[in-house]
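J.: Okay, so here is entry_9.csv, and as you'll see once you scroll down, it has CSV, C-alpha atoms and all ligand atoms.
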chain,number,residue,atom,x,y,z
K,1,MET,CA,45.4,-131.4,63.0
K,2,PHE,CA,48.7,-132.4,61.4
K,3,GLU,CA,48.8,-130.6,58.1
K,4,ARG,CA,52.1,-130.5,56.0
K,5,TRP,CA,53.4,-129.6,52.6
K,6,ASN,CA,56.6,-130.9,50.9
K,7,ASP,CA,58.7,-129.3,48.2
K,8,VAL,CA,61.7,-130.6,46.3
K,9,ILE,CA,63.9,-127.9,45.0
K,10,MET,CA,66.8,-128.6,42.6
K,11,VAL,CA,69.9,-126.6,43.4
K,12,ASN,CA,73.0,-127.1,41.3
K,13,GLY,CA,71.5,-130.4,40.1
K,14,ILE,CA,71.0,-131.6,43.7
K,15,GLU,CA,67.7,-132.3,45.3
K,16,ARG,CA,66.9,-130.2,48.4
K,17,HIS,CA,63.9,-130.7,50.6
K,18,VAL,CA,61.6,-128.3,52.5
K,19,GLU,CA,58.7,-129.5,54.6
K,20,VAL,CA,56.3,-126.9,56.0
K,21,ARG,CA,54.1,-127.9,58.9
K,22,TRP,CA,51.2,-126.0,60.4
K,23,ASP,CA,50.8,-125.7,64.1
K,24,GLU,CA,47.0,-125.4,64.6
K,25,VAL,CA,47.1,-124.5,68.2
K,26,PHE,CA,49.7,-121.7,68.1
K,27,GLU,CA,48.8,-120.7,64.5
K,28,ARG,CA,52.3,-120.7,63.1
K,29,TYR,CA,54.3,-122.6,60.5
K,30,CYS,CA,57.5,-124.6,61.1
K,31,ARG,CA,60.0,-125.5,58.4
K,32,ILE,CA,62.0,-128.6,58.3
K,33,ILE,CA,64.9,-128.3,55.9
K,34,ASP,CA,67.9,-130.5,55.0
K,35,ARG,CA,70.8,-130.3,57.3
K,36,VAL,CA,72.7,-127.0,56.8
K,37,GLY,CA,74.6,-126.8,60.0
K,38,LEU,CA,72.2,-124.5,61.9
K,39,GLU,CA,72.7,-126.8,64.9
K,40,LEU,CA,76.3,-126.5,66.3
K,41,THR,CA,77.8,-129.8,67.3
K,42,LYS,CA,81.4,-128.5,67.9
K,43,GLN,CA,82.4,-128.1,71.6
K,44,GLU,CA,84.8,-125.5,72.8
K,45,ASP,CA,86.6,-125.1,76.1
K,46,PHE,CA,85.0,-122.4,78.2
K,47,SER,CA,86.8,-123.1,81.5
K,48,GLU,CA,87.8,-119.4,81.6
K,49,LYS,CA,84.1,-118.5,81.9
K,50,ILE,CA,83.5,-121.2,84.5
K,51,ASN,CA,86.4,-119.7,86.6
K,52,GLU,CA,85.1,-116.1,86.6
K,53,PRO,CA,84.0,-114.7,90.0
K,54,CYS,CA,80.3,-115.5,90.5
K,55,ILE,CA,77.6,-113.5,92.3
K,56,PHE,CA,75.5,-116.6,93.1
K,57,CYS,CA,78.5,-118.0,95.0
K,58,ASN,CA,78.4,-114.9,97.2
K,59,ARG,CA,74.9,-115.0,98.6
K,60,SER,CA,75.3,-112.0,100.9
K,61,LYS,CA,75.2,-109.8,97.8
K,62,LEU,CA,71.9,-111.2,96.4
K,63,ALA,CA,68.5,-109.4,96.7
K,64,LYS,CA,66.4,-110.4,99.8
K,65,PHE,CA,62.7,-111.0,100.3
K,66,ASP,CA,60.6,-108.6,102.4
K,67,GLU,CA,58.9,-109.8,105.6
K,68,ARG,CA,55.9,-111.3,103.8
K,69,PHE,CA,58.0,-114.2,102.7
K,70,GLY,CA,59.2,-115.0,106.2
K,71,ALA,CA,62.9,-115.4,105.3
K,72,GLU,CA,65.4,-113.4,103.2
K,73,HIS,CA,66.1,-116.4,101.0
K,74,MET,CA,64.5,-119.8,100.6
K,75,GLU,CA,66.7,-122.9,100.7
K,76,ASN,CA,66.7,-126.7,100.6
K,77,GLU,CA,69.3,-129.4,100.1
K,78,HIS,CA,70.6,-128.5,96.6
K,79,ALA,CA,69.0,-125.1,95.8
K,80,PHE,CA,68.4,-121.6,97.1
K,81,LEU,CA,65.9,-119.1,95.9
K,82,PHE,CA,65.9,-115.3,96.0
K,83,PRO,CA,64.2,-112.3,94.4
K,84,ASN,CA,65.3,-111.4,90.8
K,85,ILE,CA,67.0,-108.1,91.0
K,86,ASN,CA,65.7,-107.5,87.4
K,87,PRO,CA,62.1,-108.6,87.8
K,88,TYR,CA,60.1,-109.8,84.7
K,89,ALA,CA,56.8,-109.5,86.5
K,90,LYS,CA,55.2,-108.6,89.9
K,91,TYR,CA,56.8,-111.8,91.3
K,92,SER,CA,60.0,-112.9,89.8
K,93,SER,CA,62.7,-115.0,91.5
K,94,VAL,CA,65.8,-117.0,90.8
K,95,CYS,CA,66.3,-120.5,92.0
K,96,ALA,CA,70.0,-121.4,91.9
K,97,PHE,CA,71.6,-124.8,92.3
K,98,LYS,CA,74.1,-124.8,95.1
K,99,LYS,CA,76.9,-126.1,92.9
K,100,HIS,CA,78.6,-123.4,90.8
K,101,TYR,CA,78.9,-125.5,87.6
K,102,ILE,CA,77.0,-128.6,86.6
K,103,GLU,CA,77.4,-130.2,83.2
K,104,VAL,CA,74.3,-131.0,81.1
K,105,GLY,CA,74.7,-134.7,81.6
K,106,GLU,CA,75.2,-134.3,85.4
K,107,PHE,CA,71.7,-133.1,86.4
K,108,SER,CA,70.3,-136.1,88.3
K,109,PRO,CA,66.6,-136.4,89.1
K,110,GLU,CA,67.4,-135.6,92.7
K,111,LEU,CA,69.2,-132.3,91.9
K,112,ILE,CA,66.4,-131.1,89.5
K,113,HIS,CA,63.7,-132.2,92.0
K,114,SER,CA,65.3,-130.1,94.7
K,115,ASN,CA,65.3,-127.0,92.5
K,116,LEU,CA,61.7,-127.5,91.3
K,117,GLU,CA,60.5,-128.2,94.8
K,118,LEU,CA,61.8,-124.8,96.0
K,119,ALA,CA,60.3,-123.1,92.9
K,120,ALA,CA,56.9,-124.6,93.7
K,121,LYS,CA,57.2,-123.5,97.3
K,122,TYR,CA,57.8,-120.0,96.2
K,123,ILE,CA,54.8,-120.2,93.8
K,124,ASN,CA,52.6,-121.4,96.7
K,125,LYS,CA,53.9,-118.6,98.9
K,126,VAL,CA,53.1,-116.0,96.2
K,127,ARG,CA,49.6,-117.4,95.9
K,128,GLU,CA,49.1,-117.1,99.6
K,129,ILE,CA,50.2,-113.5,99.9
K,130,ASP,CA,48.6,-112.2,96.7
K,131,GLY,CA,45.2,-113.5,95.5
K,132,SER,CA,45.5,-111.7,92.2
K,133,ILE,CA,48.2,-114.1,90.9
K,134,ARG,CA,46.9,-116.7,88.5
K,135,TYR,CA,49.7,-117.8,86.3
K,136,ALA,CA,53.2,-119.0,87.0
K,137,SER,CA,56.1,-120.5,85.1
K,138,ILE,CA,59.4,-122.2,86.0
K,139,ASN,CA,62.0,-121.4,83.4
K,140,TRP,CA,65.6,-122.2,82.6
K,141,ASN,CA,68.2,-120.6,80.4
K,142,TYR,CA,71.1,-123.0,80.7
K,143,MET,CA,74.3,-121.3,79.5
K,144,MET,CA,74.8,-118.0,77.5
K,145,PRO,CA,73.6,-119.1,74.1
K,146,ALA,CA,70.2,-119.9,75.8
K,147,GLY,CA,70.0,-116.4,77.3
K,148,ALA,CA,71.7,-116.9,80.7
K,149,SER,CA,73.7,-113.9,81.9
K,150,ILE,CA,75.3,-116.0,84.7
K,151,LEU,CA,76.9,-119.4,84.1
K,152,HIS,CA,76.0,-120.8,87.6
K,153,PRO,CA,72.9,-122.9,86.8
K,154,HIS,CA,69.6,-121.4,87.9
K,155,THR,CA,66.0,-121.6,87.1
K,156,GLN,CA,63.6,-118.6,87.2
K,157,VAL,CA,60.1,-118.3,88.4
K,158,VAL,CA,57.7,-115.8,87.0
K,159,ALA,CA,54.2,-115.3,88.6
K,160,ASP,CA,51.7,-112.8,87.4
K,161,SER,CA,48.0,-111.9,87.3
K,162,ILE,CA,48.2,-111.8,83.5
K,163,PRO,CA,49.2,-114.7,81.3
K,164,THR,CA,52.2,-114.7,78.9
K,165,THR,CA,51.5,-114.6,75.1
K,166,TYR,CA,52.0,-118.4,75.0
K,167,MET,CA,49.6,-119.0,77.8
K,168,LYS,CA,47.0,-116.7,76.3
K,169,LYS,CA,46.9,-118.9,73.2
K,170,ILE,CA,45.9,-122.0,75.1
K,171,ILE,CA,43.5,-120.6,77.8
K,172,GLY,CA,40.1,-122.0,77.1
K,173,ASN,CA,41.4,-123.4,73.8
K,174,GLU,CA,39.7,-126.8,73.1
K,175,LYS,CA,42.2,-127.4,70.2
K,176,PHE,CA,45.0,-127.6,72.7
K,177,TRP,CA,43.5,-130.6,74.5
K,178,GLU,CA,42.7,-132.2,71.1
K,179,TYR,CA,46.3,-131.6,70.1
K,180,ILE,CA,47.7,-133.2,73.2
K,181,ARG,CA,45.5,-136.3,72.8
K,182,ALA,CA,46.5,-136.6,69.1
K,183,GLU,CA,50.2,-136.3,69.9
K,184,ILE,CA,50.0,-139.0,72.6
K,185,GLU,CA,48.6,-141.3,69.9
K,186,SER,CA,51.1,-140.3,67.3
K,187,GLU,CA,54.5,-141.7,66.2
K,188,ARG,CA,56.1,-138.8,68.0
K,189,TYR,CA,55.0,-140.1,71.4
K,190,ILE,CA,58.1,-141.0,73.5
K,191,GLY,CA,56.6,-142.6,76.6
K,192,LYS,CA,55.5,-142.0,80.1
K,193,ILE,CA,57.5,-141.3,83.3
K,194,GLY,CA,55.3,-141.4,86.3
K,195,ASN,CA,52.4,-139.0,85.4
K,196,VAL,CA,54.3,-137.2,82.6
K,197,GLU,CA,53.5,-138.1,79.0
K,198,LEU,CA,56.4,-137.1,76.7
K,199,PHE,CA,56.3,-136.4,73.0
K,200,VAL,CA,58.2,-134.4,70.3
K,201,PRO,CA,55.8,-131.8,68.9
K,202,PHE,CA,54.7,-132.1,65.3
K,203,ALA,CA,55.8,-128.4,64.6
K,204,PRO,CA,58.5,-127.8,67.2
K,205,PHE,CA,59.5,-124.4,68.6
K,206,GLY,CA,63.1,-125.3,68.6
K,207,PHE,CA,65.8,-128.0,68.1
K,208,ASN,CA,65.4,-131.4,69.8
K,209,GLU,CA,62.2,-130.3,71.5
K,210,VAL,CA,60.4,-132.4,74.0
K,211,PHE,CA,56.9,-131.6,75.3
K,212,GLY,CA,55.9,-133.0,78.7
K,213,PHE,CA,52.2,-133.2,79.5
K,214,VAL,CA,51.4,-133.6,83.2
K,215,ASP,CA,48.0,-134.9,84.2
K,216,GLU,CA,48.0,-134.0,87.9
K,217,GLY,CA,48.8,-131.0,90.1
K,218,LEU,CA,52.1,-129.3,90.5
K,219,GLU,CA,53.4,-130.7,93.8
K,220,LYS,CA,52.3,-134.3,93.1
K,221,SER,CA,54.1,-134.2,89.8
K,222,LEU,CA,57.5,-132.7,90.6
K,223,GLU,CA,59.3,-136.0,91.1
K,224,SER,CA,58.2,-137.4,87.7
K,225,ILE,CA,58.9,-134.1,86.0
K,226,ALA,CA,62.5,-134.1,87.5
K,227,LYS,CA,63.0,-137.7,86.2
K,228,ALA,CA,61.8,-136.7,82.8
K,229,MET,CA,64.0,-133.6,82.6
K,230,SER,CA,67.0,-135.6,83.7
K,231,ALA,CA,66.4,-138.2,81.0
K,232,ILE,CA,66.0,-135.5,78.4
K,233,LEU,CA,69.2,-133.8,79.5
K,234,SER,CA,71.0,-137.2,79.2
K,235,TYR,CA,69.8,-137.3,75.6
K,236,TYR,CA,71.0,-133.7,75.0
K,237,HIS,CA,74.3,-134.6,76.5
K,238,SER,CA,74.6,-137.6,74.2
K,239,LEU,CA,74.1,-135.3,71.2
K,240,GLY,CA,77.0,-133.1,72.4
K,241,ARG,CA,74.7,-130.1,73.3
K,242,ASN,CA,75.6,-127.9,76.2
K,243,SER,CA,72.9,-125.2,76.2
K,244,PHE,CA,69.1,-125.4,76.5
K,245,ASN,CA,65.9,-123.7,77.4
K,246,PHE,CA,63.0,-125.0,79.5
K,247,SER,CA,59.7,-123.6,80.5
K,248,MET,CA,56.9,-125.1,82.6
K,249,TYR,CA,53.5,-123.5,82.4
K,250,TYR,CA,51.1,-123.4,85.3
K,251,SER,CA,47.6,-122.0,85.7
K,252,MET,CA,46.5,-121.8,89.3
K,253,ALA,CA,42.8,-122.1,88.3
K,254,ASN,CA,43.5,-124.9,85.8
K,255,GLU,CA,42.8,-122.7,82.7
K,256,PHE,CA,45.2,-125.0,80.9
K,257,PRO,CA,47.0,-128.2,81.9
K,258,LEU,CA,50.4,-128.3,83.5
K,259,HIS,CA,53.1,-128.9,80.9
K,260,PHE,CA,56.6,-128.1,79.9
K,261,ARG,CA,58.7,-127.6,76.7
K,262,MET,CA,62.4,-128.1,76.4
K,263,ILE,CA,64.7,-127.3,73.5
K,264,THR,CA,68.5,-127.3,72.9
K,265,ARG,CA,70.3,-124.1,71.9
K,266,GLN,CA,73.7,-123.5,70.3
K,267,ASN,CA,76.7,-124.8,72.1
K,268,MET,CA,79.1,-122.6,74.2
K,269,ALA,CA,81.4,-121.3,71.4
K,270,LYS,CA,83.2,-118.0,71.2
K,271,TYR,CA,82.0,-117.0,67.7
K,272,TYR,CA,78.8,-119.0,67.6
K,273,ARG,CA,76.1,-118.6,65.0
K,274,ASN,CA,72.8,-117.8,66.6
K,275,ASP,CA,70.1,-120.4,66.0
K,276,ALA,CA,67.3,-117.7,65.9
K,277,MET,CA,67.4,-115.7,62.7
K,278,PHE,CA,65.0,-113.6,60.7
K,279,PHE,CA,62.6,-116.5,60.4
K,280,GLU,CA,62.3,-117.1,64.1
K,281,ARG,CA,62.5,-113.5,65.3
K,282,LEU,CA,60.5,-111.7,62.6
K,283,HIS,CA,58.3,-114.3,60.9
K,284,PHE,CA,57.3,-116.4,64.1
K,285,GLU,CA,58.6,-119.4,62.2
K,286,THR,CA,61.0,-122.0,63.4
K,287,ILE,CA,63.5,-123.7,61.1
K,288,ILE,CA,64.7,-127.2,62.1
K,289,GLU,CA,66.9,-129.7,60.5
K,290,ARG,CA,65.7,-133.0,61.8
K,291,LYS,CA,62.3,-134.6,61.7
K,292,PRO,CA,60.5,-134.7,65.1
K,293,GLU,CA,59.6,-138.4,64.4
K,294,ASP,CA,63.3,-139.3,64.3
K,295,ILE,CA,64.1,-137.4,67.5
K,296,ALA,CA,61.2,-139.2,69.3
K,297,LYS,CA,62.7,-142.6,68.2
K,298,GLU,CA,66.1,-141.7,69.5
K,299,ILE,CA,65.1,-140.3,72.9
K,300,LYS,CA,63.1,-143.4,73.8
K,301,GLU,CA,66.3,-145.1,74.8
K,302,PHE,CA,66.9,-142.4,77.4
K,303,LEU,CA,63.7,-143.0,79.4
K,304,ILE,CA,64.5,-144.3,82.9
L,1,ZN,ZN,78.7,-119.6,91.2
Please render this file's structure as structure tokens.
T.:
Amino acid sequence: MFERWNDVIMVNGIERHVEVRWDEVFERYCRIIDRVGLELTKQEDFSEKINEPCIFCNRSKLAKFDERFGAEHMENEHAFLFPNINPYAKYSSVCAFKKHYIEVGEFSPELIHSNLELAAKYINKVREIDGSIRYASINWNYMMPAGASILHPHTQVVADSIPTTYMKKIIGNEKFWEYIRAEIESERYIGKIGNVELFVPFAPFGFNEVFGFVDEGLEKSLESIAKAMSAILSYYHSLGRNSFNFSMYYSMANEFPLHFRMITRQNMAKYYRNDAMFFERLHFETIIERKPEDIAKEIKEFLI
């Protein structure tokens, strides 16, 4: 399950290390190399970007739902949800936080819970109006280096009758279950928050990745997931990171278990170096600079 190869390469008389790990479930390699500065730690002032006019702060201009949804927008205490004007699938919506700018370290469990709750309400609504929908995901690009086009924090819900490529890999895949059980027993296991088991994957998809495995249904788990996400974001904030991606994968017919993955991306910097290069984009292979086992140890301190 956890196969790895190590190389020591002499460069200018100095020992350099490359560890290659095989991800048996997703059938890809991941490379862990010595620190070369792929992860930006420098922070720049981006107040100019924060102060730009914002479409999410002017709700009358946003797309509206048709009559099947019963309301033009959905709303609760800290979030509001509306159709994505650039849909990624048959059902594609944006769930914005009400506050225009929230720092990485400021996302309380309550704030996140409010957002996830609304996203789950939308998923249930979609399920009710269209029986062909089987898969959904709640996703988050926080800040531009993570792919966000708008700074105002927002998650995105995608619901479809066909799975994403990621989902396709785990549908009916016994190895995935075996893998989760093995990770929970491994040195990369972080701990449990409510019904969410957290670990750092053996062969991560990105920097500082945390994998959250949920052993119950969507609604029942939202509070624990929000607590876990808030703890992970506190850890990211402690590392000085201000950009991240999150995806939570949901199969309505339980074709795979509910779970999420979360990674940091480059910091908000004017001339930043992208953290996805030819290896990630054209070889399906992630390069990381720190051992998942070390990250797992560090993040334990941030569990609530
Ligand atoms: Zn705004």
J.: How would you write, as a VMD selection string, the set of residues no farther than 9 Å from ligand ZN 1 (chain L) when counting all atoms listed in the file?
T.: chain K and resid 50 to 58 96 to 101 150 to 153
J.: Distance CA of Glu219 (chain K)-CA of Met262 (chain K), one decimal place?
T.: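 Those two atoms sit 19.8 Å apart.
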J.: With only C-alpha atoms as the atoms that count, which of K:Arg68, K:Lys61, K:Arg28, K:His73 lies nearest to Cys95 (chain K)?
T.: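 That would be K:His73, the residue with the smallest distance to Cys95 (chain K).
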J.: Interatomic distance between CA of Leu282 (chain K) and CA of Phe176 (chain K)?
T.: 24.4 Å
J.: Closest to Leu38 (chain K) among K:Asp275, K:Glu301, K:Glu293, K:Glu15, using only C-alpha atoms?
T.: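 Closest to Leu38 (chain K) of all the choices is K:Asp275.
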J.: Would you be able to write out as a PyMOL selection string which residues have an atom within 12 Å of (65.0, -129.1, 90.0) in the file's coordinates, counting all atoms listed in the file?
T.: chain K and resi 76-81+95-98+107-120+138-140+153-157+222-230+246+248
J.: Considering all atoms listed in the file, return as a short mmCIF file (atom, residue, chain, number, x, y, z; two decimals) with C-alpha atoms, in the frame of the given file whatever protein or nucleic-acid residues lie within 7 Å of Leu198 (chain K), sequence-local ones (same chain, fewer than 2 positions apart) excluded.
T.:
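Contents of out.cif, freshly written:
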data_model
loop_
_atom_site.label_atom_id
_atom_site.label_comp_id
_atom_site.auth_asym_id
_atom_site.auth_seq_id
_atom_site.Cartn_x
_atom_site.Cartn_y
_atom_site.Cartn_z
CA TYR K 189 55.00 -140.10 71.40
CA ILE K 190 58.10 -141.00 73.50
CA GLY K 191 56.60 -142.60 76.60
CA LYS K 192 55.50 -142.00 80.10
CA VAL K 196 54.30 -137.20 82.60
CA VAL K 210 60.40 -132.40 74.00
CA PHE K 211 56.90 -131.60 75.30
CA GLY K 212 55.90 -133.00 78.70
CA PHE K 213 52.20 -133.20 79.50
#
J.: Can you list, as a list in words, every protein, DNA or RNA residue that comes within 7 Å of Ala136 (chain K) when you count only C-alpha atoms, leaving out same-chain residues fewer than 6 positions away?
T.: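 Selected residues are Val158, Ala159, Asp160, Tyr249, Tyr250 and Ser251 of chain K.
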J.: Compare K:Tyr142, K:Phe260, K:Trp22, K:Phe244 by their minimum atom-to-atom distance to Glu197 (chain K), counting all atoms listed in the file, and give me the closest one.
T.: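 Checking each candidate against Glu197 (chain K), we get K:Phe260 as the closest.
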J.: Please determine, counting all atoms listed in the file, which residue among K:His237, K:Lys42, K:His259, K:Arg281 has the shortest atom-to-atom distance to Phe302 (chain K).
T.: K:His237
J.: Quick one: pull the distance between CA of Gly37 (chain K) and CA of Trp5 (chain K), Å, one decimal.
T.: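 Pair CA of Gly37 (chain K) / CA of Trp5 (chain K) returns 22.6 Å.
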J.: Hey, what's within 6 Å of region 29-31 of chain K if we count only C-alpha atoms and toss same-chain stuff fewer than 4 positions away? As a PyMOL selection string, please?
T.: chain K and resi 19-23+203+285-287
J.: Residues as selected, C-alpha atoms, written as a PDB file, in the coordinates of the input, can you do that?
T.:
ATOM      1  CA  GLU K  19      58.700-129.500  54.600  1.00  0.00           C
ATOM      2  CA  VAL K  20      56.300-126.900  56.000  1.00  0.00           C
ATOM      3  CA  ARG K  21      54.100-127.900  58.900  1.00  0.00           C
ATOM      4  CA  TRP K  22      51.200-126.000  60.400  1.00  0.00           C
ATOM      5  CA  ASP K  23      50.800-125.700  64.100  1.00  0.00           C
ATOM      6  CA  ALA K 203      55.800-128.400  64.600  1.00  0.00           C
ATOM      7  CA  GLU K 285      58.600-119.400  62.200  1.00  0.00           C
ATOM      8  CA  THR K 286      61.000-122.000  63.400  1.00  0.00           C
ATOM      9  CA  ILE K 287      63.500-123.700  61.100  1.00  0.00           C
TER      10      ILE K 287
END
J.: Between K:Pro87, K:Ile102, K:Lys291, K:Met143, which has the minimum distance to Phe202 (chain K) (counting all atoms listed in the file)?
T.: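 Nearest candidate to Phe202 (chain K) out of K:Pro87, K:Ile102, K:Lys291, K:Met143: K:Lys291.
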J.: Determine, counting only C-alpha atoms, which protein, DNA and RNA residues have an atom within 12 Å of an atom of Ser132 (chain K); residues of the same chain fewer than 4 positions away are not included. Present the result as an mmCIF file with C-alpha atoms, keeping the file's coordinate frame.
T.:
data_model
loop_
_atom_site.group_PDB
_atom_site.id
_atom_site.type_symbol
_atom_site.label_atom_id
_atom_site.label_comp_id
_atom_site.auth_asym_id
_atom_site.auth_seq_id
_atom_site.Cartn_x
_atom_site.Cartn_y
_atom_site.Cartn_z
ATOM 1 C CA LYS K 90 55.200 -108.600 89.900
ATOM 2 C CA TYR K 91 56.800 -111.800 91.300
ATOM 3 C CA VAL K 126 53.100 -116.000 96.200
ATOM 4 C CA ARG K 127 49.600 -117.400 95.900
ATOM 5 C CA GLU K 128 49.100 -117.100 99.600
ATOM 6 C CA ALA K 136 53.200 -119.000 87.000
ATOM 7 C CA ALA K 159 54.200 -115.300 88.600
ATOM 8 C CA ASP K 160 51.700 -112.800 87.400
ATOM 9 C CA SER K 161 48.000 -111.900 87.300
ATOM 10 C CA ILE K 162 48.200 -111.800 83.500
ATOM 11 C CA PRO K 163 49.200 -114.700 81.300
ATOM 12 C CA MET K 252 46.500 -121.800 89.300
ATOM 13 C CA ALA K 253 42.800 -122.100 88.300
#
J.: What lies within 7 Å of Phe207 (chain K) using all atoms listed in the file, ignoring chain neighbours under 2 positions off, as a list in words?
T.: Glu209, Ile263, Thr264 and Ile288 of chain K
J.: Working from the structure I just supplied, which lacks atoms in region 286-300 of chain K, can you model N, CA, C and O atoms there and output them as a compact mmCIF listing (two decimals), keeping the file's coordinate frame?
T.:
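Output (rebuild-v5.txt):
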# COMPACT_ATOMS: atom_id res chain seq x y z
N THR K 286 59.80 -121.33 62.98
CA THR K 286 61.00 -122.00 63.40
C THR K 286 61.56 -122.86 62.22
O THR K 286 60.80 -123.48 61.48
N ILE K 287 62.88 -122.86 62.07
CA ILE K 287 63.50 -123.70 61.10
C ILE K 287 64.23 -124.82 61.85
O ILE K 287 65.01 -124.54 62.78
N ILE K 288 63.96 -126.05 61.52
CA ILE K 288 64.70 -127.20 62.10
C ILE K 288 65.26 -128.05 61.06
O ILE K 288 64.86 -127.97 59.89
N GLU K 289 66.20 -128.91 61.45
CA GLU K 289 66.90 -129.70 60.50
C GLU K 289 66.67 -131.20 60.57
O GLU K 289 67.21 -131.97 59.80
N ARG K 290 65.92 -131.60 61.59
CA ARG K 290 65.70 -133.00 61.80
C ARG K 290 64.18 -133.25 62.00
O ARG K 290 63.52 -132.43 62.63
N LYS K 291 63.70 -134.35 61.53
CA LYS K 291 62.30 -134.60 61.70
C LYS K 291 61.95 -134.99 63.15
O LYS K 291 62.65 -135.80 63.76
N PRO K 292 60.89 -134.39 63.71
CA PRO K 292 60.50 -134.70 65.10
C PRO K 292 60.31 -136.22 65.30
O PRO K 292 60.62 -136.74 66.36
N GLU K 293 59.83 -136.93 64.27
CA GLU K 293 59.60 -138.40 64.40
C GLU K 293 60.91 -139.11 64.66
O GLU K 293 60.93 -140.10 65.41
N ASP K 294 62.02 -138.65 64.06
CA ASP K 294 63.30 -139.30 64.30
C ASP K 294 63.86 -139.02 65.67
O ASP K 294 64.45 -139.89 66.31
N ILE K 295 63.65 -137.81 66.16
CA ILE K 295 64.10 -137.40 67.50
C ILE K 295 63.33 -138.27 68.54
O ILE K 295 63.92 -138.81 69.48
N ALA K 296 62.04 -138.43 68.32
CA ALA K 296 61.20 -139.20 69.30
C ALA K 296 61.74 -140.64 69.37
O ALA K 296 61.83 -141.19 70.46
N LYS K 297 62.12 -141.22 68.24
CA LYS K 297 62.70 -142.60 68.20
C LYS K 297 63.94 -142.67 69.05
O LYS K 297 64.12 -143.56 69.88
N GLU K 298 64.84 -141.71 68.83
CA GLU K 298 66.10 -141.70 69.50
C GLU K 298 66.02 -141.55 71.02
O GLU K 298 66.70 -142.21 71.79
N ILE K 299 65.16 -140.66 71.43
CA ILE K 299 65.10 -140.30 72.90
C ILE K 299 64.44 -141.40 73.70
O ILE K 299 64.68 -141.47 74.90
N LYS K 300 63.70 -142.30 73.08
CA LYS K 300 63.10 -143.40 73.80
C LYS K 300 64.10 -144.20 74.62
O LYS K 300 63.80 -144.68 75.70
